[in-house]
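data-v9.txt follows (compact mmCIF, C-alpha atoms):
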```
# COMPACT_ATOMS: atom_id res chain seq x y z
CA HIS A 284 -13.91 -56.57 22.09
CA LYS A 285 -17.02 -54.48 22.47
CA SER A 286 -17.77 -55.90 25.91
CA CYS A 287 -14.23 -55.02 27.11
CA PHE A 288 -14.48 -51.36 25.99
CA LYS A 289 -15.45 -49.84 29.36
CA CYS A 290 -14.50 -46.87 31.48
CA THR A 291 -11.44 -47.53 33.62
CA SER A 292 -13.00 -45.77 36.64
CA CYS A 293 -16.70 -46.65 36.66
CA GLY A 294 -16.90 -49.57 34.19
CA MET A 295 -19.53 -47.92 31.96
CA SER A 296 -19.73 -49.35 28.44
CA LEU A 297 -18.23 -46.97 25.89
CA ASN A 298 -18.24 -46.54 22.13
CA LEU A 299 -16.14 -44.58 19.65
CA LYS A 300 -18.29 -41.47 20.05
CA ASN A 301 -18.32 -40.97 23.81
CA PHE A 302 -14.95 -42.29 24.98
CA LYS A 303 -11.87 -40.22 25.86
CA GLY A 304 -8.39 -41.62 26.01
CA TYR A 305 -5.82 -40.68 28.65
CA ASN A 306 -2.46 -42.42 29.06
CA LYS A 307 -3.64 -45.22 26.73
CA GLU A 308 -6.69 -45.95 28.93
CA PRO A 309 -10.40 -45.34 28.04
CA TYR A 310 -12.47 -43.01 30.23
CA CYS A 311 -15.99 -41.66 30.17
CA ASN A 312 -16.69 -37.93 30.11
CA ALA A 313 -17.39 -37.77 33.84
CA HIS A 314 -14.22 -39.58 34.98
CA TYR A 315 -11.80 -38.16 32.40
CA PRO A 316 -8.69 -36.86 34.31
CA LYS A 317 -8.62 -33.08 34.31
CA THR A 318 -5.32 -31.28 33.76
CA GLU A 319 -4.72 -28.40 36.16
CA HIS A 320 -2.27 -25.54 36.11
CA THR A 321 0.59 -25.51 38.56
CA SER A 322 1.26 -22.31 40.48
CA VAL A 323 4.93 -21.41 40.67
CA ALA A 324 6.82 -18.75 42.61
CA ASP A 325 7.43 -15.38 40.91
CA ASP A 326 11.22 -15.64 40.90
CA PRO A 327 13.61 -13.28 39.04
CA GLU A 328 13.99 -15.71 36.13
CA ASN A 329 10.22 -15.81 35.50
CA ARG A 330 10.02 -12.02 35.70
CA ARG A 331 12.87 -11.72 33.21
CA LEU A 332 11.16 -14.11 30.77
CA MET A 333 7.87 -12.22 31.12
CA ALA A 334 9.56 -8.87 30.40
CA GLN A 335 11.44 -10.36 27.44
CA SER A 336 8.21 -11.77 25.98
CA LYS A 337 6.57 -8.36 26.32
CA ILE A 338 9.48 -6.70 24.51
CA GLN A 339 9.41 -9.28 21.73
CA SER A 340 5.64 -8.98 21.32
CA SER A 341 4.71 -7.75 17.84
CA VAL A 342 1.66 -5.95 19.30
CA GLU A 343 3.82 -3.68 21.44
CA TYR A 344 6.22 -3.08 18.57
CA HIS A 345 3.39 -2.30 16.14
CA LYS A 346 1.84 0.11 18.67
CA ASP A 347 5.11 2.07 18.88
CA PHE A 348 5.45 1.95 15.10
CA GLU A 349 1.95 3.40 14.56
CA LYS A 350 2.59 6.06 17.20
CA ALA A 351 5.83 7.27 15.60
CA LYS A 352 4.72 6.88 11.98
CA GLY A 353 3.20 10.36 11.56
CA SER A 354 5.54 12.34 13.80
CA TYR A 355 8.75 14.20 13.13
CA THR A 356 12.15 12.95 14.14
CA ALA A 357 14.43 15.32 16.06
CA VAL A 358 17.96 15.45 14.69
CA ALA A 359 21.12 17.04 16.03
CA ASP A 360 21.99 20.60 14.94
CA ASP A 361 25.13 19.89 12.96
CA PRO A 362 26.82 22.62 10.86
CA GLU A 363 25.20 21.35 7.66
CA SER A 364 21.69 21.50 9.15
CA LEU A 365 22.29 25.00 10.52
CA ARG A 366 23.53 26.16 7.12
CA ILE A 367 20.47 24.77 5.34
CA LYS A 368 18.17 26.30 7.96
CA ASN A 369 19.82 29.72 7.57
CA ASN A 370 19.57 29.50 3.76
CA SER A 371 15.89 28.63 4.01
CA LYS A 372 15.28 31.61 6.29
CA GLN A 373 17.08 33.99 3.95
CA GLN A 374 15.23 32.61 0.96
CA SER A 375 11.94 33.08 2.77
CA GLN A 376 12.79 36.76 3.43
CA VAL A 377 13.83 37.26 -0.19
CA ALA A 378 10.59 35.71 -1.40
CA TYR A 379 8.66 37.96 1.00
CA ARG A 380 10.44 41.08 -0.16
CA THR A 381 9.96 40.22 -3.84
CA ASP A 382 6.21 40.54 -3.34
CA ILE A 383 6.74 44.30 -3.53
CA SER A 384 7.41 43.85 -7.25
CA THR A 385 3.69 43.27 -7.74
CA LEU A 386 3.17 46.95 -6.96
CA GLY A 387 5.36 48.05 -9.88
CA TYR A 388 8.68 48.36 -8.07
CA THR A 389 11.89 46.32 -8.32
CA VAL A 390 13.97 45.67 -5.20
CA VAL A 391 17.70 45.72 -5.94
CA THR A 392 20.86 45.82 -3.88
CA ASP A 393 22.18 49.30 -3.06
CA ASP A 394 25.50 49.00 -4.87
CA PRO A 395 27.42 52.09 -6.14
CA GLU A 396 26.19 51.62 -9.71
CA SER A 397 22.54 51.45 -8.64
CA ALA A 398 22.95 54.55 -6.44
CA ARG A 399 24.46 56.50 -9.31
CA LEU A 400 21.64 55.50 -11.70
CA LYS A 401 19.02 56.39 -9.10
CA LYS A 402 20.54 59.85 -8.60
CA ASN A 403 20.79 60.44 -12.36
CA SER A 404 17.11 59.48 -12.77
CA GLU A 405 16.12 61.95 -10.04
CA VAL A 406 18.14 64.75 -11.61
CA GLN A 407 16.69 64.01 -15.07
CA SER A 408 13.20 63.98 -13.65
CA GLN A 409 13.80 67.36 -11.95
CA VAL A 410 15.26 68.89 -15.11
CA LYS A 411 12.28 67.76 -17.18
CA TYR A 412 9.83 68.97 -14.53
CA LYS A 413 11.45 72.41 -14.11
CA GLY A 414 11.67 72.92 -17.92
CA LEU A 415 15.36 73.78 -18.09
CA GLY A 416 15.39 72.57 -21.70
CA ASN A 417 13.71 75.87 -22.69
CA TYR A 418 16.92 77.76 -21.95
CA ASN A 419 19.09 77.61 -25.04
CA MET A 420 21.86 79.41 -26.80
CA GLY A 421 20.80 81.21 -29.98
CA GLY A 422 17.34 79.68 -29.84
CA SER A 423 18.45 76.21 -30.90
CA GLY A 424 16.37 74.47 -28.22
CA ASP A 425 19.27 72.28 -27.04
CA ILE A 426 20.12 71.75 -23.44
CA HIS A 427 22.50 74.35 -22.02
CA PRO A 428 26.03 73.06 -22.44
CA HIS A 429 27.02 74.15 -18.95
CA VAL A 430 24.39 72.12 -17.13
CA GLY A 431 26.15 70.49 -14.27
CA ALA A 432 27.72 73.74 -12.99
CA ASN A 433 25.94 76.27 -10.85
CA PHE A 434 23.57 77.82 -13.39
CA ALA A 435 21.11 80.66 -12.78
CA PRO A 436 18.89 82.07 -15.57
CA GLU A 437 18.62 85.81 -16.22
CA GLU A 438 15.92 87.60 -14.32
CA ASN A 439 14.64 89.67 -17.26
CA ASN A 440 14.22 86.71 -19.72
CA SER A 441 12.01 84.44 -17.62
CA PRO A 442 10.66 84.04 -14.17
CA LYS A 443 13.18 83.35 -11.46
CA HIS A 444 14.15 79.61 -11.02
CA GLU A 445 16.15 77.89 -8.33
CA LYS A 446 19.59 76.50 -9.00
CA VAL A 447 19.84 72.88 -10.26
CA VAL A 448 22.88 70.65 -9.84
CA TYR A 449 22.95 68.10 -12.71
CA GLU A 450 25.56 65.45 -12.25
CA SER A 451 24.86 63.30 -15.33
CA ASP A 452 26.94 63.34 -18.43
CA PRO A 453 25.88 66.44 -20.46
CA ARG A 454 27.07 64.80 -23.67
CA LEU A 455 24.16 62.27 -23.65
CA SER A 456 20.86 63.12 -25.23
CA HIS A 457 17.51 62.41 -23.65
CA GLN A 458 16.93 59.39 -25.95
CA ASP A 459 20.30 57.90 -25.02
CA THR A 460 19.53 58.32 -21.34
CA GLU A 461 16.20 56.56 -21.75
CA ALA A 462 17.84 53.72 -23.69
CA ILE A 463 20.47 53.27 -20.97
CA ALA A 464 17.79 53.28 -18.28
CA ALA A 465 15.74 50.69 -20.21
CA ALA A 466 18.81 48.44 -20.66
CA GLN A 467 19.65 48.73 -16.98
CA LYS A 468 16.07 47.94 -16.04
CA GLN A 469 16.15 44.88 -18.31
CA ALA A 470 19.42 43.76 -16.69
CA LEU A 471 17.88 44.16 -13.24
CA LEU A 472 14.85 42.10 -14.29
CA GLU A 473 17.08 39.35 -15.66
CA ARG A 474 19.11 39.40 -12.44
CA GLU A 475 15.94 39.12 -10.38
CA GLN A 476 14.69 36.21 -12.51
CA GLN A 477 18.03 34.47 -12.09
CA ARG A 478 17.82 34.95 -8.31
CA ARG A 479 14.32 33.49 -8.26
CA ARG A 480 15.45 30.46 -10.28
CA GLU A 481 18.28 29.88 -7.81
CA ILE A 482 15.82 30.10 -4.91
CA GLU A 483 13.51 27.56 -6.58
CA GLN A 484 16.43 25.20 -7.18
CA GLN A 485 17.52 25.45 -3.55
CA GLN A 486 13.97 24.82 -2.35
CA LYS A 487 13.71 21.81 -4.67
CA LEU A 488 17.03 20.49 -3.36
CA LEU A 489 15.85 20.88 0.25
CA GLU A 490 12.61 19.06 -0.55
CA GLU A 491 14.54 16.20 -2.17
CA GLN A 492 16.80 15.94 0.89
CA ARG A 493 13.76 15.86 3.19
CA LEU A 494 12.10 13.11 1.13
CA LYS A 495 15.35 11.16 1.06
CA GLN A 496 15.66 11.36 4.85
CA GLN A 497 12.06 10.18 5.27
CA GLU A 498 12.69 7.25 2.90
CA GLU A 499 15.85 6.25 4.76
CA GLN A 500 14.02 6.44 8.08
CA ARG A 501 11.18 4.29 6.72
CA LYS A 502 13.67 1.70 5.41
CA LEU A 503 15.42 1.64 8.79
CA GLN A 504 12.14 1.05 10.61
CA MET A 505 11.19 -1.75 8.19
CA GLU A 506 14.60 -3.39 8.65
CA GLN A 507 14.23 -3.24 12.43
CA PHE A 508 10.72 -4.72 12.18
CA GLN A 509 11.90 -7.54 9.89
CA ARG A 510 14.88 -8.27 12.15
CA LEU A 511 12.62 -8.53 15.19
CA GLN A 512 10.25 -10.82 13.28
CA GLN A 513 13.14 -13.06 12.25
CA GLU A 514 14.46 -13.21 15.80
CA LYS A 515 10.99 -14.06 17.07
CA ALA A 516 10.57 -16.82 14.45
CA GLU A 517 14.02 -18.22 15.29
CA LYS A 518 13.23 -18.33 19.00
CA GLU A 519 9.88 -19.97 18.30
CA ARG A 520 11.59 -22.61 16.17
CA GLN A 521 14.18 -23.29 18.87
CA ARG A 522 11.42 -23.56 21.46
CA LYS A 523 9.53 -26.10 19.33
CA GLU A 524 12.71 -28.11 18.75
CA GLU A 525 13.42 -28.18 22.48
CA GLU A 526 9.84 -29.26 23.23
CA GLU A 527 10.05 -31.99 20.59
CA ALA A 528 13.38 -33.19 21.96
CA GLU A 529 11.98 -33.22 25.49
CA ARG A 530 8.91 -35.15 24.34
CA MET A 531 11.07 -37.74 22.55
CA ARG A 532 13.30 -38.08 25.61
CA MET A 533 10.31 -38.65 27.87
CA GLU A 534 8.86 -41.18 25.41
CA MET A 535 12.15 -43.09 25.26
CA GLU A 536 12.37 -43.02 29.05
CA ARG A 537 8.81 -44.39 29.31
CA LEU A 538 9.57 -47.20 26.85
CA ARG A 539 12.76 -48.06 28.71
CA LEU A 540 10.91 -48.27 32.01
CA GLU A 541 8.23 -50.46 30.45
CA GLU A 542 10.86 -52.80 29.02
CA GLU A 543 12.62 -52.99 32.36
CA GLN A 544 9.33 -53.72 34.08
CA LYS A 545 8.49 -56.43 31.57
CA ALA A 546 11.95 -57.94 31.97
CA GLN A 547 11.56 -57.98 35.73
CA GLU A 548 8.16 -59.60 35.48
CA SER A 549 9.41 -62.18 33.00
CA SER A 550 12.41 -62.97 35.20
CA LYS A 551 10.15 -63.48 38.19
CA LYS A 552 7.75 -65.73 36.28
CA VAL A 553 8.97 -69.38 35.96
CA GLU A 554 7.54 -71.27 33.04
CA PRO A 555 6.50 -74.85 33.80
CA VAL A 556 8.47 -77.77 32.35
CA TYR A 557 6.77 -80.96 31.09
CA ARG A 558 8.03 -84.54 30.56
CA ALA A 559 6.74 -86.96 27.89
CA GLU A 560 4.88 -89.92 29.36
CA PHE A 561 4.54 -91.83 26.08
CA ASP A 562 6.15 -91.93 22.65
CA TYR A 563 4.41 -89.88 19.98
CA GLU A 564 5.22 -90.19 16.26
CA PRO A 565 2.95 -88.10 13.99
CA ASN A 566 1.84 -89.35 10.59
CA TYR A 567 3.72 -86.90 8.40
CA ASP A 568 2.07 -88.33 5.27
CA ASP A 569 -1.09 -86.58 6.40
CA PRO A 570 -0.83 -82.81 5.51
CA GLU A 571 -2.78 -81.90 8.63
CA ALA A 572 -0.07 -83.53 10.82
CA ALA A 573 2.83 -81.62 9.25
CA ASP A 574 3.05 -79.15 12.15
CA GLU A 575 2.93 -81.77 14.92
CA LEU A 576 5.90 -82.48 17.20
CA ALA A 577 7.46 -85.92 17.58
CA PHE A 578 8.94 -87.00 20.93
CA LYS A 579 9.87 -90.08 22.91
CA GLU A 580 9.08 -91.10 26.42
CA GLY A 581 11.16 -89.12 28.92
CA ASP A 582 11.82 -86.10 26.64
CA VAL A 583 11.57 -82.69 28.29
CA ILE A 584 9.02 -80.35 26.69
CA ILE A 585 9.33 -76.61 27.32
CA ASN A 586 7.48 -73.44 26.23
CA VAL A 587 4.17 -75.21 26.49
CA GLN A 588 1.20 -73.01 25.44
CA PRO A 589 -2.33 -74.45 25.45
CA ILE A 590 -4.34 -74.13 22.22
CA ASP A 591 -7.66 -75.79 22.96
CA ASP A 592 -8.93 -78.80 24.85
CA GLY A 593 -6.51 -81.67 24.30
CA TRP A 594 -3.81 -79.90 22.27
CA CYS A 595 -0.97 -77.48 22.94
CA THR A 596 2.30 -76.22 21.45
CA GLY A 597 5.75 -76.82 22.82
CA THR A 598 9.45 -77.37 22.12
CA ASN A 599 11.33 -80.63 22.45
CA GLU A 600 14.43 -79.75 24.43
CA ARG A 601 16.27 -82.82 23.07
CA THR A 602 15.69 -82.13 19.36
CA GLY A 603 15.10 -78.39 19.52
CA ARG A 604 12.00 -78.64 17.32
CA SER A 605 8.62 -77.04 18.05
CA GLY A 606 5.10 -77.98 17.08
CA MET A 607 1.69 -79.19 18.23
CA LEU A 608 1.37 -82.18 20.55
CA PRO A 609 -1.42 -83.90 22.49
CA ARG A 610 -1.84 -82.59 26.01
CA ASN A 611 -2.48 -85.96 27.61
CA TYR A 612 0.92 -87.34 26.41
CA ILE A 613 2.92 -85.07 28.74
CA ALA A 614 2.95 -84.36 32.46
CA GLU A 615 4.21 -81.30 34.37
CA LEU A 616 7.36 -81.79 36.43
CA SER A 617 6.99 -80.77 40.07
```

Take the structure from the file and write it as structure tokens.
Amino acid sequence: HKSCFKCTSCGMSLNLKNFKGYNKEPYCNAHYPKTEHTSVADDPENRRLMAQSKIQSSVEYHKDFEKAKGSYTAVADDPESLRIKNNSKQQSQVAYRTDISTLGYTVVTDDPESARLKKNSEVQSQVKYKGLGNYNMGGSGDIHPHVGANFAPEENNSPKHEKVVYESDPRLSHQDTEAIAAAQKQALLEREQQRRREIEQQQKLLEEQRLKQQEEQRKLQMEQFQRLQQEKAEKERQRKEEEEAERMRMEMERLRLEEEQKAQESSKKVEPVYRAEFDYEPNYDDPEAADELAFKEGDVIINVQPIDDGWCTGTNERTGRSGMLPRNYIAELS
């Protein structure tokens, strides 16, 4: 009823727009019960839960993830890492030394064959510079057949020259020597190109290994992040289930207490018992009298509930039937 819809505290009339419900009771805005926080002691269990919540916080985890995302990861110096590091250092020195080739020189290893070719080239260059090819036998213009031994030209044929020690093979002509030198130079170039290709392959392999390690590290971090998210979601679900179970338990306990209270009140309350003063036989031919109760004088009527002035409902204890009956036909037993 509209007139019954009032504030429980002050009795102010309420409507559906300004009322607030609390514990199934209507209240106005001024007298609505306020919920307050309860201060508890900072015991070890609360501190442990607070620290665990901070660890499980995605904000803290994301902060550490962003901090470590662009940094390097220190790894242990195992034999394989040391070997790769040493190879990279050697390759860097080789690449640095090969820059000299831009000046027109070729850097090669000082093996016995290279030393012999270098010495032969120096001797040939000295022979050509000093003009020893002009000394011939019979004016043929060929190189002296005894070049390679201690040779001294005659003093009256030409100006005096110093002695030359020629250790190359005297049976080779100048064209053959140049061809051999060109072939050896080509072989050295090919060897240098092969070495450069090997260096590039090793550098490519090292780059692939570095990218692979970065990818594995990224996958590991993502797996850790996903595992923490799953654990957090699982704990949140368990917490909600526990809260729901606790709420249902409290609701069942409240209903049980209400039922017990109602049972106690009903047991304390004694319903009045009435006795019929006169006989009453309804006219069942009339449809309006179909729900009326018939009784005889002296019958006990129980469960009497008034309907309006002059009529009530009740149960005839003798017949066990219930229905409407006139109020002035019965009297309450003392």

Query raised in the report: For Pro555 (chain A), which residue among A:Glu615, A:Glu349, A:Glu363, A:Glu328 is the nearest when counting only C-alpha atoms?
Result: A:Glu615

Requested in this report: Mind giving me the straight-line distance from CA of Tyr612 (chain A) to CA of Ala559 (chain A) in Å, one decimal?
Outcome: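 Computing the Euclidean distance for CA of Tyr612 (chain A) and CA of Ala559 (chain A) yields 6.0 Å.
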
Report task. Compile the contact shell of region 285-295 of chain A as a ChimeraX atom specification: residues with an atom at most 7 Å away, counting all atoms listed in the file, same-chain residues fewer than 5 positions apart removed. Result -> /A:308-311,314

**Report entry** Option closest in space to Cys595 (chain A), from A:Asn298, A:Asn369, A:Gln504, A:Asn611 [counting only C-alpha atoms]
**Finding:** A:Asn611

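Residues of protein, DNA and RNA with at least one atom no farther than 7 Å from (9.0, -77.4, 30.8) are, using all atoms listed in the file, Glu554, Pro555, Val556, Tyr557, Val583, Ile584, Ile585, Asn586 and Val587 of chain A.
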
Report summary line: Here CA of Ile367 (chain A) and CA of Gln496 (chain A) stand apart by 14.3 Å

Query raised in the report: When you draw a straight line from CA of Phe561 (chain A) to CA of Ser605 (chain A), how long is it in Å?
Result: 17.3 Å

Using only C-alpha atoms, determine which residues lie at most 12 Å from Asn306 (chain A), disregarding the query and same-chain residues fewer than 5 positions distant; provide the list as a PDB file with C-alpha atoms, in the frame of the given file.
```
ATOM      1  CA  THR A 291     -11.440 -47.530  33.620  1.00  0.00           C
ATOM      2  CA  TYR A 315     -11.800 -38.160  32.400  1.00  0.00           C
ATOM      3  CA  PRO A 316      -8.690 -36.860  34.310  1.00  0.00           C
ATOM      4  CA  GLU A 534       8.860 -41.180  25.410  1.00  0.00           C
ATOM      5  CA  ARG A 537       8.810 -44.390  29.310  1.00  0.00           C
TER       6      ARG A 537
END
```

Requested in this report: For Gly606 (chain A), please output as a PyMOL selection string all residues within 9 Å (counting all atoms listed in the file; exclusion window: fewer than 6 positions along the same chain).
Outcome: chain A and resi 573-577+595-599

Query - Test item: which residues lie within 9 Å of (15.4, -87.1, 28.5) counting only C-alpha atoms, as number ranges by chain - result: A: 558-559, 579-583, 600-601

Report the centre and edge lengths, in Å to one decimal, of an axis-aligned box enclosing every atom of region 527-536 of chain A listed in the file, padded by 6 Å on each side, as AutoDock Vina command-line options.
```
--center_x 11.1 --center_y -37.5 --center_z 24.8 --size_x 16.5 --size_y 23.1 --size_z 20.5
```

Query raised in the report: Residues at most 10 Å from Phe508 (chain A), counting all atoms listed in the file, excluding those fewer than 3 positions away in the same chain, as a VMD selection string?
Result: chain A and resid 341 344 to 345 348 502 to 505 511 to 514

Query raised in the report: Near region 481-488 of chain A, within 8 Å and counting only C-alpha atoms, which residues show up once chain neighbours fewer than 4 positions away are dropped, as a PyMOL selection string?
Result: chain A and resi 371+374+477+492

May I have the selected residues written with C-alpha atoms, as a PDB file, in the frame of the given file?
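Ended up saving to out-v3.pdb:
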```pdb
ATOM      1  CA  SER A 371      15.890  28.630   4.010  1.00  0.00           C
ATOM      2  CA  GLN A 374      15.230  32.610   0.960  1.00  0.00           C
ATOM      3  CA  GLN A 477      18.030  34.470 -12.090  1.00  0.00           C
ATOM      4  CA  GLN A 492      16.800  15.940   0.890  1.00  0.00           C
TER       5      GLN A 492
END
```

For N, CA and C atoms, please extract region 483-515 of chain A from the block and return it as a compact mmCIF listing (two decimals), in the first residue's frame.
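The resulting file, selection-v1.txt, is shown below:
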```txt
# COMPACT_ATOMS: atom_id res chain seq x y z
N GLU A 483 81.91 -14.78 -44.19
CA GLU A 483 80.52 -14.34 -44.31
C GLU A 483 79.56 -15.41 -43.83
N GLN A 484 79.85 -16.68 -44.15
CA GLN A 484 78.98 -17.76 -43.70
C GLN A 484 79.00 -17.89 -42.18
N GLN A 485 80.20 -17.76 -41.58
CA GLN A 485 80.28 -17.82 -40.12
C GLN A 485 79.54 -16.66 -39.46
N GLN A 486 79.67 -15.47 -40.05
CA GLN A 486 78.95 -14.32 -39.49
C GLN A 486 77.44 -14.51 -39.63
N LYS A 487 77.00 -15.06 -40.75
CA LYS A 487 75.58 -15.33 -40.94
C LYS A 487 75.09 -16.36 -39.93
N LEU A 488 75.91 -17.40 -39.69
CA LEU A 488 75.53 -18.42 -38.71
C LEU A 488 75.43 -17.83 -37.31
N LEU A 489 76.38 -16.95 -36.94
CA LEU A 489 76.32 -16.32 -35.63
C LEU A 489 75.09 -15.42 -35.48
N GLU A 490 74.75 -14.71 -36.57
CA GLU A 490 73.55 -13.87 -36.52
C GLU A 490 72.28 -14.71 -36.35
N GLU A 491 72.22 -15.84 -37.05
CA GLU A 491 71.06 -16.73 -36.92
C GLU A 491 70.96 -17.28 -35.50
N GLN A 492 72.11 -17.65 -34.91
CA GLN A 492 72.08 -18.14 -33.53
C GLN A 492 71.62 -17.05 -32.57
N ARG A 493 72.07 -15.82 -32.78
CA ARG A 493 71.65 -14.72 -31.91
C ARG A 493 70.14 -14.48 -32.01
N LEU A 494 69.62 -14.48 -33.26
CA LEU A 494 68.18 -14.28 -33.43
C LEU A 494 67.39 -15.43 -32.82
N LYS A 495 67.92 -16.64 -32.94
CA LYS A 495 67.23 -17.80 -32.37
C LYS A 495 67.18 -17.69 -30.85
N GLN A 496 68.29 -17.26 -30.23
CA GLN A 496 68.30 -17.09 -28.78
C GLN A 496 67.32 -16.01 -28.34
N GLN A 497 67.25 -14.91 -29.09
CA GLN A 497 66.29 -13.86 -28.75
C GLN A 497 64.85 -14.36 -28.87
N GLU A 498 64.58 -15.16 -29.92
CA GLU A 498 63.22 -15.69 -30.09
C GLU A 498 62.86 -16.66 -28.96
N GLU A 499 63.80 -17.51 -28.57
CA GLU A 499 63.54 -18.43 -27.47
C GLU A 499 63.31 -17.68 -26.16
N GLN A 500 64.10 -16.63 -25.94
CA GLN A 500 63.90 -15.83 -24.73
C GLN A 500 62.54 -15.14 -24.73
N ARG A 501 62.13 -14.62 -25.90
CA ARG A 501 60.82 -13.97 -25.98
C ARG A 501 59.70 -14.98 -25.73
N LYS A 502 59.82 -16.19 -26.29
CA LYS A 502 58.80 -17.22 -26.06
C LYS A 502 58.75 -17.59 -24.58
N LEU A 503 59.92 -17.69 -23.94
CA LEU A 503 59.94 -18.04 -22.52
C LEU A 503 59.25 -16.97 -21.68
N GLN A 504 59.51 -15.70 -22.00
CA GLN A 504 58.86 -14.62 -21.26
C GLN A 504 57.35 -14.63 -21.48
N MET A 505 56.90 -14.89 -22.71
CA MET A 505 55.47 -14.95 -22.98
C MET A 505 54.82 -16.12 -22.24
N GLU A 506 55.52 -17.27 -22.19
CA GLU A 506 54.97 -18.42 -21.46
C GLU A 506 54.85 -18.11 -19.97
N GLN A 507 55.86 -17.46 -19.42
CA GLN A 507 55.79 -17.09 -18.00
C GLN A 507 54.64 -16.11 -17.76
N PHE A 508 54.47 -15.14 -18.66
CA PHE A 508 53.38 -14.16 -18.51
C PHE A 508 52.02 -14.86 -18.59
N GLN A 509 51.86 -15.77 -19.56
CA GLN A 509 50.59 -16.49 -19.70
C GLN A 509 50.33 -17.37 -18.49
N ARG A 510 51.38 -18.03 -17.97
CA ARG A 510 51.20 -18.89 -16.80
C ARG A 510 50.77 -18.07 -15.59
N LEU A 511 51.37 -16.90 -15.41
CA LEU A 511 50.96 -16.04 -14.29
C LEU A 511 49.52 -15.56 -14.45
N GLN A 512 49.14 -15.23 -15.70
CA GLN A 512 47.76 -14.80 -15.93
C GLN A 512 46.77 -15.93 -15.63
N GLN A 513 47.12 -17.15 -16.04
CA GLN A 513 46.24 -18.29 -15.76
C GLN A 513 46.13 -18.54 -14.27
N GLU A 514 47.26 -18.47 -13.56
CA GLU A 514 47.21 -18.67 -12.11
C GLU A 514 46.37 -17.58 -11.44
N LYS A 515 46.51 -16.36 -11.93
CA LYS A 515 45.72 -15.27 -11.35
C LYS A 515 44.23 -15.48 -11.61
```
